[in-house]
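Enquirer: Enclosed is the structure file start.cif (mmCIF, C-alpha atoms).
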data_target
#
loop_
_atom_site.label_atom_id
_atom_site.label_comp_id
_atom_site.auth_asym_id
_atom_site.auth_seq_id
_atom_site.Cartn_x
_atom_site.Cartn_y
_atom_site.Cartn_z
CA MET A 276 51.44 38.13 21.33
CA ALA A 277 47.72 37.60 21.34
CA GLY A 278 46.11 35.25 18.88
CA ARG A 279 42.83 35.93 17.17
CA SER A 280 40.23 33.62 15.68
CA GLN A 281 39.49 34.54 12.07
CA SER A 282 37.12 32.01 10.59
CA GLY A 283 35.59 28.75 11.64
CA SER A 284 35.38 27.83 15.32
CA ARG A 285 36.01 30.52 17.91
CA GLY A 286 38.20 28.20 19.93
CA ALA A 287 36.10 28.15 23.12
CA ALA A 288 36.62 25.27 25.54
CA PRO A 289 33.82 23.19 27.09
CA ALA A 290 32.75 23.68 30.69
CA PRO A 291 31.73 20.68 32.85
CA ASP A 292 28.06 21.28 31.98
CA GLY A 293 28.85 21.07 28.26
CA LYS A 294 28.58 24.80 27.60
CA GLN A 295 31.35 26.56 25.73
CA LEU A 296 33.56 28.91 27.71
CA PRO A 297 34.00 32.41 26.24
CA PRO A 298 37.29 32.88 24.35
CA ALA A 299 38.45 35.55 26.83
CA VAL A 300 38.02 33.08 29.68
CA VAL A 301 39.90 30.37 27.78
CA SER A 302 42.74 32.82 27.22
CA ARG A 303 42.94 33.55 30.94
CA LEU A 304 42.85 29.85 31.83
CA THR A 305 46.12 29.39 29.93
CA VAL A 306 47.67 32.16 32.04
CA TYR A 307 46.43 30.52 35.27
CA LEU A 308 47.93 27.21 34.13
CA ARG A 309 51.29 28.83 33.48
CA ALA A 310 51.24 30.40 36.95
CA LEU A 311 50.31 27.05 38.53
CA ASN A 312 53.20 25.33 36.76
CA SER A 313 55.51 28.01 38.16
CA PHE A 314 54.17 27.45 41.68
CA LEU A 315 54.72 23.70 41.33
CA ALA A 316 58.28 24.27 40.14
CA ASP A 317 58.87 26.31 43.31
CA GLY A 318 57.47 23.53 45.51
CA VAL A 319 54.22 25.32 46.38
CA ASP A 320 51.43 22.83 47.15
CA ARG A 321 48.56 25.22 47.90
CA VAL A 322 47.85 28.77 46.78
CA SER A 323 45.23 31.39 47.63
CA SER A 324 43.07 33.01 44.97
CA ASP A 325 44.75 36.35 45.70
CA ALA A 326 48.24 34.92 45.14
CA LEU A 327 47.22 33.08 41.97
CA ALA A 328 45.45 36.17 40.64
CA GLU A 329 48.48 38.35 41.31
CA ALA A 330 50.77 35.87 39.56
CA SER A 331 48.36 35.83 36.60
CA GLY A 332 47.92 39.60 36.31
CA VAL A 333 44.15 39.61 36.91
CA SER A 334 41.87 40.53 39.78
CA SER A 335 40.98 37.85 42.32
CA ALA A 336 37.28 38.37 41.49
CA THR A 337 37.93 37.60 37.81
CA LEU A 338 39.99 34.55 38.73
CA ARG A 339 37.28 33.13 40.99
CA LYS A 340 34.56 33.74 38.40
CA ASP A 341 36.62 32.06 35.69
CA LEU A 342 37.43 29.00 37.81
CA SER A 343 33.86 28.72 39.07
CA GLN A 344 32.80 27.89 35.50
CA LEU A 345 34.91 24.73 35.68
CA GLY A 346 33.57 23.62 39.07
CA SER A 347 34.43 24.15 42.71
CA TYR A 348 38.11 23.34 43.26
CA GLY A 349 39.02 25.70 46.10
CA THR A 350 38.27 25.85 49.82
CA ARG A 351 37.34 29.12 51.46
CA GLY A 352 40.15 30.31 53.69
CA VAL A 353 42.48 27.55 52.48
CA GLY A 354 42.86 28.16 48.75
CA TYR A 355 43.53 25.85 45.83
CA GLU A 356 45.56 22.65 45.77
CA VAL A 357 48.01 23.52 43.00
CA GLU A 358 48.42 20.09 41.38
CA ASN A 359 44.69 19.35 41.50
CA LEU A 360 43.76 22.67 39.90
CA ARG A 361 46.54 22.31 37.33
CA GLN A 362 45.13 18.93 36.29
CA HIS A 363 41.58 20.28 35.98
CA LEU A 364 42.75 23.19 33.84
CA SER A 365 44.80 20.85 31.63
CA VAL A 366 41.71 18.70 31.02
CA ALA A 367 39.51 21.73 30.32
CA LEU A 368 42.03 23.09 27.81
CA GLY A 369 42.43 19.73 26.05
CA LEU A 370 46.09 19.41 27.02
CA THR A 371 45.77 15.81 28.15
CA ARG A 372 45.31 14.77 24.52
CA ASP A 373 48.16 13.82 22.18
CA TRP A 374 48.89 16.97 20.15
CA ARG A 375 51.24 16.44 17.21
CA VAL A 376 52.30 19.68 15.53
CA ALA A 377 53.54 20.17 11.97
CA ILE A 378 55.25 23.47 11.10
CA VAL A 379 54.87 24.53 7.47
CA GLY A 380 57.55 27.01 6.48
CA ALA A 381 61.20 26.56 7.47
CA GLY A 382 62.36 30.15 7.19
CA ASN A 383 63.82 32.01 10.15
CA LEU A 384 60.55 31.92 12.09
CA GLY A 385 59.75 28.30 11.30
CA ARG A 386 63.22 27.14 12.32
CA ALA A 387 63.04 29.15 15.54
CA LEU A 388 59.68 27.56 16.38
CA ALA A 389 61.04 24.09 15.61
CA ARG A 390 63.91 24.65 18.05
CA TYR A 391 61.71 26.00 20.84
CA GLY A 392 61.81 23.57 23.75
CA GLY A 393 58.75 24.98 25.50
CA PHE A 394 56.29 23.14 23.26
CA GLY A 395 57.21 19.73 24.63
CA THR A 396 56.90 20.80 28.25
CA ARG A 397 53.37 22.06 27.53
CA GLY A 398 52.11 18.92 25.84
CA PHE A 399 52.83 19.68 22.16
CA ASP A 400 55.06 17.35 20.14
CA VAL A 401 56.54 18.96 17.00
CA VAL A 402 56.60 16.07 14.55
CA ALA A 403 57.29 17.71 11.17
CA LEU A 404 58.87 20.76 9.53
CA LEU A 405 58.12 21.39 5.86
CA ASP A 406 59.28 23.80 3.14
CA THR A 407 59.41 24.16 -0.64
CA ASP A 408 63.00 25.41 -0.96
CA PRO A 409 65.10 22.62 -2.52
CA GLN A 410 68.24 24.10 -0.96
CA ILE A 411 67.04 23.37 2.58
CA ILE A 412 64.83 20.30 2.09
CA GLY A 413 66.58 17.43 3.84
CA ASN A 414 68.47 19.68 6.26
CA GLU A 415 68.14 18.91 9.94
CA ILE A 416 66.84 21.39 12.50
CA GLY A 417 67.37 19.84 15.91
CA TRP A 418 66.08 16.31 15.54
CA LEU A 419 63.70 17.21 12.67
CA ARG A 420 64.56 16.77 9.01
CA ILE A 421 62.92 19.34 6.74
CA SER A 422 60.39 17.60 4.49
CA ASP A 423 59.25 18.68 1.03
CA ALA A 424 55.97 20.59 1.32
CA ALA A 425 54.96 19.08 -2.02
CA ASN A 426 54.41 15.88 -0.01
CA LEU A 427 52.46 17.66 2.76
CA GLU A 428 49.56 15.23 2.80
CA ALA A 429 51.83 12.17 3.03
CA VAL A 430 53.96 13.79 5.76
CA PHE A 431 50.87 14.66 7.79
CA GLN A 432 49.56 11.12 7.46
CA ARG A 433 52.90 9.53 8.37
CA THR A 434 53.46 11.75 11.43
CA ARG A 435 49.77 11.76 12.45
CA ALA A 436 49.91 15.55 12.76
CA ASN A 437 46.67 16.96 14.16
CA MET A 438 47.74 20.59 14.57
CA ALA A 439 49.56 22.87 12.14
CA VAL A 440 51.58 26.08 12.40
CA LEU A 441 51.83 28.18 9.23
CA ALA A 442 55.00 30.31 9.08
CA LEU A 443 54.49 31.40 5.49
CA PRO A 444 54.37 34.50 3.30
CA ALA A 445 50.92 35.88 2.54
CA SER A 446 51.07 34.93 -1.14
CA VAL A 447 50.96 31.17 -0.48
CA ALA A 448 49.30 30.97 2.94
CA GLN A 449 45.71 30.39 1.79
CA ALA A 450 46.62 27.64 -0.66
CA VAL A 451 48.69 25.83 1.97
CA CYS A 452 45.98 26.34 4.58
CA ASP A 453 43.46 24.69 2.22
CA ARG A 454 45.78 21.69 1.82
CA VAL A 455 46.26 21.42 5.58
CA VAL A 456 42.49 21.40 6.12
CA ALA A 457 42.02 18.86 3.34
CA ALA A 458 44.61 16.67 5.10
CA GLY A 459 42.30 16.50 8.09
CA VAL A 460 43.85 19.05 10.45
CA ARG A 461 41.25 21.08 12.37
CA SER A 462 43.54 23.27 14.53
CA ILE A 463 45.75 25.84 12.80
CA LEU A 464 47.98 28.64 14.08
CA SER A 465 48.95 31.16 11.41
CA PHE A 466 51.81 33.66 11.45
CA ALA A 467 51.06 34.67 7.86
CA PRO A 468 50.36 38.42 7.46
CA THR A 469 47.00 37.90 5.80
CA ILE A 470 43.41 36.94 6.56
CA LEU A 471 42.82 33.23 5.94
CA GLN A 472 39.49 31.53 5.40
CA VAL A 473 38.66 28.11 6.82
CA PRO A 474 35.45 26.08 6.80
CA PRO A 475 33.20 25.52 9.83
CA GLY A 476 34.68 23.07 12.30
CA VAL A 477 38.24 24.33 11.84
CA THR A 478 39.80 26.56 14.49
CA LEU A 479 42.21 29.15 13.10
CA ARG A 480 44.25 31.46 15.29
CA LYS A 481 46.36 34.31 13.94
CA VAL A 482 49.47 35.80 15.52
CA ASP A 483 50.38 39.17 14.01
CA MET A 484 53.40 40.80 15.68
CA ALA A 485 53.04 44.04 13.72
CA THR A 486 49.43 44.41 14.87
CA GLU A 487 50.41 43.81 18.49
CA LEU A 488 53.14 46.47 18.21
CA GLN A 489 50.60 48.90 16.77
CA ILE A 490 48.31 48.24 19.73
CA LEU A 491 51.21 48.87 22.10
CA ALA A 492 51.95 52.12 20.29
CA TYR A 493 48.33 53.21 20.70
CA HIS A 494 48.36 52.55 24.44
CA ALA A 495 51.75 54.21 24.84
CA GLN A 496 50.46 57.30 23.07
CA ARG A 497 47.39 57.40 25.30
CA GLY A 498 49.59 57.07 28.37
CA GLU A 499 51.83 59.93 27.28
CA ALA A 500 48.87 62.17 26.46
CA GLY A 501 46.89 61.43 29.60
CA GLY A 502 49.64 60.76 32.09
CA GLU A 503 48.43 57.18 32.59
CA THR A 504 50.68 54.83 34.47
CA GLY A 505 50.58 51.11 35.09
CA GLY A 506 48.22 48.76 33.35
CA SER A 507 47.14 45.18 33.08
CA SER A 508 48.69 42.24 31.25
CA ASP A 509 45.19 40.81 30.80
CA PRO A 510 44.33 41.10 27.06
CA ASP A 511 40.66 41.39 27.95
CA PRO A 512 40.18 42.67 31.51
CA THR A 513 36.41 42.69 31.19
CA TYR A 514 34.53 39.65 32.38
CA ASP A 515 32.18 38.50 29.65
CA ALA A 516 30.26 35.61 31.15
CA ALA A 517 28.17 34.90 34.21
CA PRO A 518 29.80 32.68 36.86
CA HIS A 519 28.85 29.05 37.19
CA PRO A 520 26.57 28.68 40.21
CA GLY A 521 28.59 25.78 41.60
CA GLY A 522 31.78 27.78 42.16
CA GLN A 523 33.07 28.87 45.55
CA PRO A 524 35.65 31.56 46.21
CA ALA A 525 38.87 30.30 47.77
#
Show me this structure written as structure tokens.
Expert:
Amino acid sequence: MAGRSQSGSRGAAPAPDGKQLPPAVVSRLTVYLRALNSFLADGVDRVSSDALAEASGVSSATLRKDLSQLGSYGTRGVGYEVENLRQHLSVALGLTRDWRVAIVGAGNLGRALARYGGFGTRGFDVVALLDTDPQIIGNEIGWLRISDAANLEAVFQRTRANMAVLALPASVAQAVCDRVVAAGVRSILSFAPTILQVPPGVTLRKVDMATELQILAYHAQRGEAGGETGGSSDPDPTYDAAPHPGGQPA
């Protein structure tokens, strides 16, 4: 599922020279990081650009251009040191910071997100789960106790939440989003099926499963009509920024 910025900051990450990386590049960096973590789990210490590109579903040229914007971390003919590159990508993506996530909405989706163990392994600590339903407030989901969303501001302050996930119906999403922003949170992921507005300085990402399925249907229809086969897992296969001059292919 691909997220989309709606209002506020576009979510670009800083390069070493202080410039913002294009959102498409940031998206690919997260894929490279996932591939690097997989290589580490398999005991691989060094990887070529071709192997990393293949594991990430992009071309090696795109991979090298993306990584060149962060600096020169590879050696021609030798490749990349996996742990070193993983650390540089983690820093560039802000994953070395302490991210404390509050999930607002404890319906089926919110409870599933609260139980998901992958957040912790990627540097995100789920610290709160909130809802307005009196029948479930106080119930425990894993190690979390569902808090009353009426006390959202106090819960955010107590848990020091600095990132929020909204798993809410459209009818209440904007009002809750406004409260989350007023509580000081500047990074929000929304699963609500509606367009939300946030002020400048707040990064909002939207995940819309129905939209992604519609996009899949479009591409499937094109493939059936034109006999197309194969494809790319890269959500944006075009390269939309010039490479950093300091980069070297590996």
Enquirer: Expand the PyMOL selection byres ((chain A and resi 383-395) around 12) into the individual residues it matches in the shown file, reporting them as JSON, numbers by chain.
Expert: {"A": [309, 370, 373, 374, 375, 376, 377, 378, 379, 380, 381, 382, 396, 397, 398, 399, 400, 401, 402, 403, 404, 405, 406, 411, 414, 415, 416, 417, 418, 419, 420, 421, 439, 440, 441, 442, 443, 444, 464, 465, 466, 467, 484]}
Enquirer: Only C-alpha atoms, please: the residues just picked out, written as a short mmCIF file (atom, residue, chain, number, x, y, z; two decimals), in the coordinates of the input.
Expert:
data_model
loop_
_atom_site.label_atom_id
_atom_site.label_comp_id
_atom_site.auth_asym_id
_atom_site.auth_seq_id
_atom_site.Cartn_x
_atom_site.Cartn_y
_atom_site.Cartn_z
CA ARG A 309 51.29 28.83 33.48
CA LEU A 370 46.09 19.41 27.02
CA ASP A 373 48.16 13.82 22.18
CA TRP A 374 48.89 16.97 20.15
CA ARG A 375 51.24 16.44 17.21
CA VAL A 376 52.30 19.68 15.53
CA ALA A 377 53.54 20.17 11.97
CA ILE A 378 55.25 23.47 11.10
CA VAL A 379 54.87 24.53 7.47
CA GLY A 380 57.55 27.01 6.48
CA ALA A 381 61.20 26.56 7.47
CA GLY A 382 62.36 30.15 7.19
CA THR A 396 56.90 20.80 28.25
CA ARG A 397 53.37 22.06 27.53
CA GLY A 398 52.11 18.92 25.84
CA PHE A 399 52.83 19.68 22.16
CA ASP A 400 55.06 17.35 20.14
CA VAL A 401 56.54 18.96 17.00
CA VAL A 402 56.60 16.07 14.55
CA ALA A 403 57.29 17.71 11.17
CA LEU A 404 58.87 20.76 9.53
CA LEU A 405 58.12 21.39 5.86
CA ASP A 406 59.28 23.80 3.14
CA ILE A 411 67.04 23.37 2.58
CA ASN A 414 68.47 19.68 6.26
CA GLU A 415 68.14 18.91 9.94
CA ILE A 416 66.84 21.39 12.50
CA GLY A 417 67.37 19.84 15.91
CA TRP A 418 66.08 16.31 15.54
CA LEU A 419 63.70 17.21 12.67
CA ARG A 420 64.56 16.77 9.01
CA ILE A 421 62.92 19.34 6.74
CA ALA A 439 49.56 22.87 12.14
CA VAL A 440 51.58 26.08 12.40
CA LEU A 441 51.83 28.18 9.23
CA ALA A 442 55.00 30.31 9.08
CA LEU A 443 54.49 31.40 5.49
CA PRO A 444 54.37 34.50 3.30
CA LEU A 464 47.98 28.64 14.08
CA SER A 465 48.95 31.16 11.41
CA PHE A 466 51.81 33.66 11.45
CA ALA A 467 51.06 34.67 7.86
CA MET A 484 53.40 40.80 15.68
#
Enquirer: Name the closest residue to A:Val300 among the candidates A:Gln449, A:Ser343, A:Asn359, A:Ser323; distances are taken between atoms, counting all atoms listed in the file.
Expert: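 Nearest candidate to A:Val300 out of A:Gln449, A:Ser343, A:Asn359, A:Ser323: A:Ser343.
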Enquirer: I need the residue nearest A:Ala367 from this list: A:Pro468, A:Gly346, A:Gly332, A:Gly459. Use only C-alpha atoms for the distance.
Expert: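 Residue with the minimum atom-to-atom distance to A:Ala367: A:Gly346.
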Enquirer: Near A:Arg321, within 6 Å and counting only C-alpha atoms, which residues show up once chain neighbours fewer than 4 positions away are dropped, as a ChimeraX atom specification?
Expert: /A:355-357
Enquirer: Could you state the separation of atom CA of A:Leu308 and atom CA of A:Thr478 in Å, given to one decimal place?
Expert: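 According to the coordinates, atom CA of A:Leu308 and atom CA of A:Thr478 are separated by 21.3 Å.
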Enquirer: Find, counting all atoms listed in the file, the residue in A:Ile490, A:Ala458, A:Val306, A:Ala328 that gets nearest to A:Lys340.
Expert: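 Among the listed residues, A:Ala328 lies closest to A:Lys340.
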Enquirer: Is it possible to get the axis-aligned box enclosing stretch 394-408 of chain A (all listed atoms, 8 Å extra per side) as AutoDock Vina command-line options, with centre and edge lengths in Å rounded to one decimal?
Expert:
--center_x 57.6 --center_y 20.7 --center_z 13.6 --size_x 26.9 --size_y 25.3 --size_z 45.2
Enquirer: Using atom CA of A:Val455 and atom CA of A:Gly476 as the two end points, give the distance in Å to one decimal.
Expert: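 Atom CA of A:Val455 sits 13.5 Å away from atom CA of A:Gly476.
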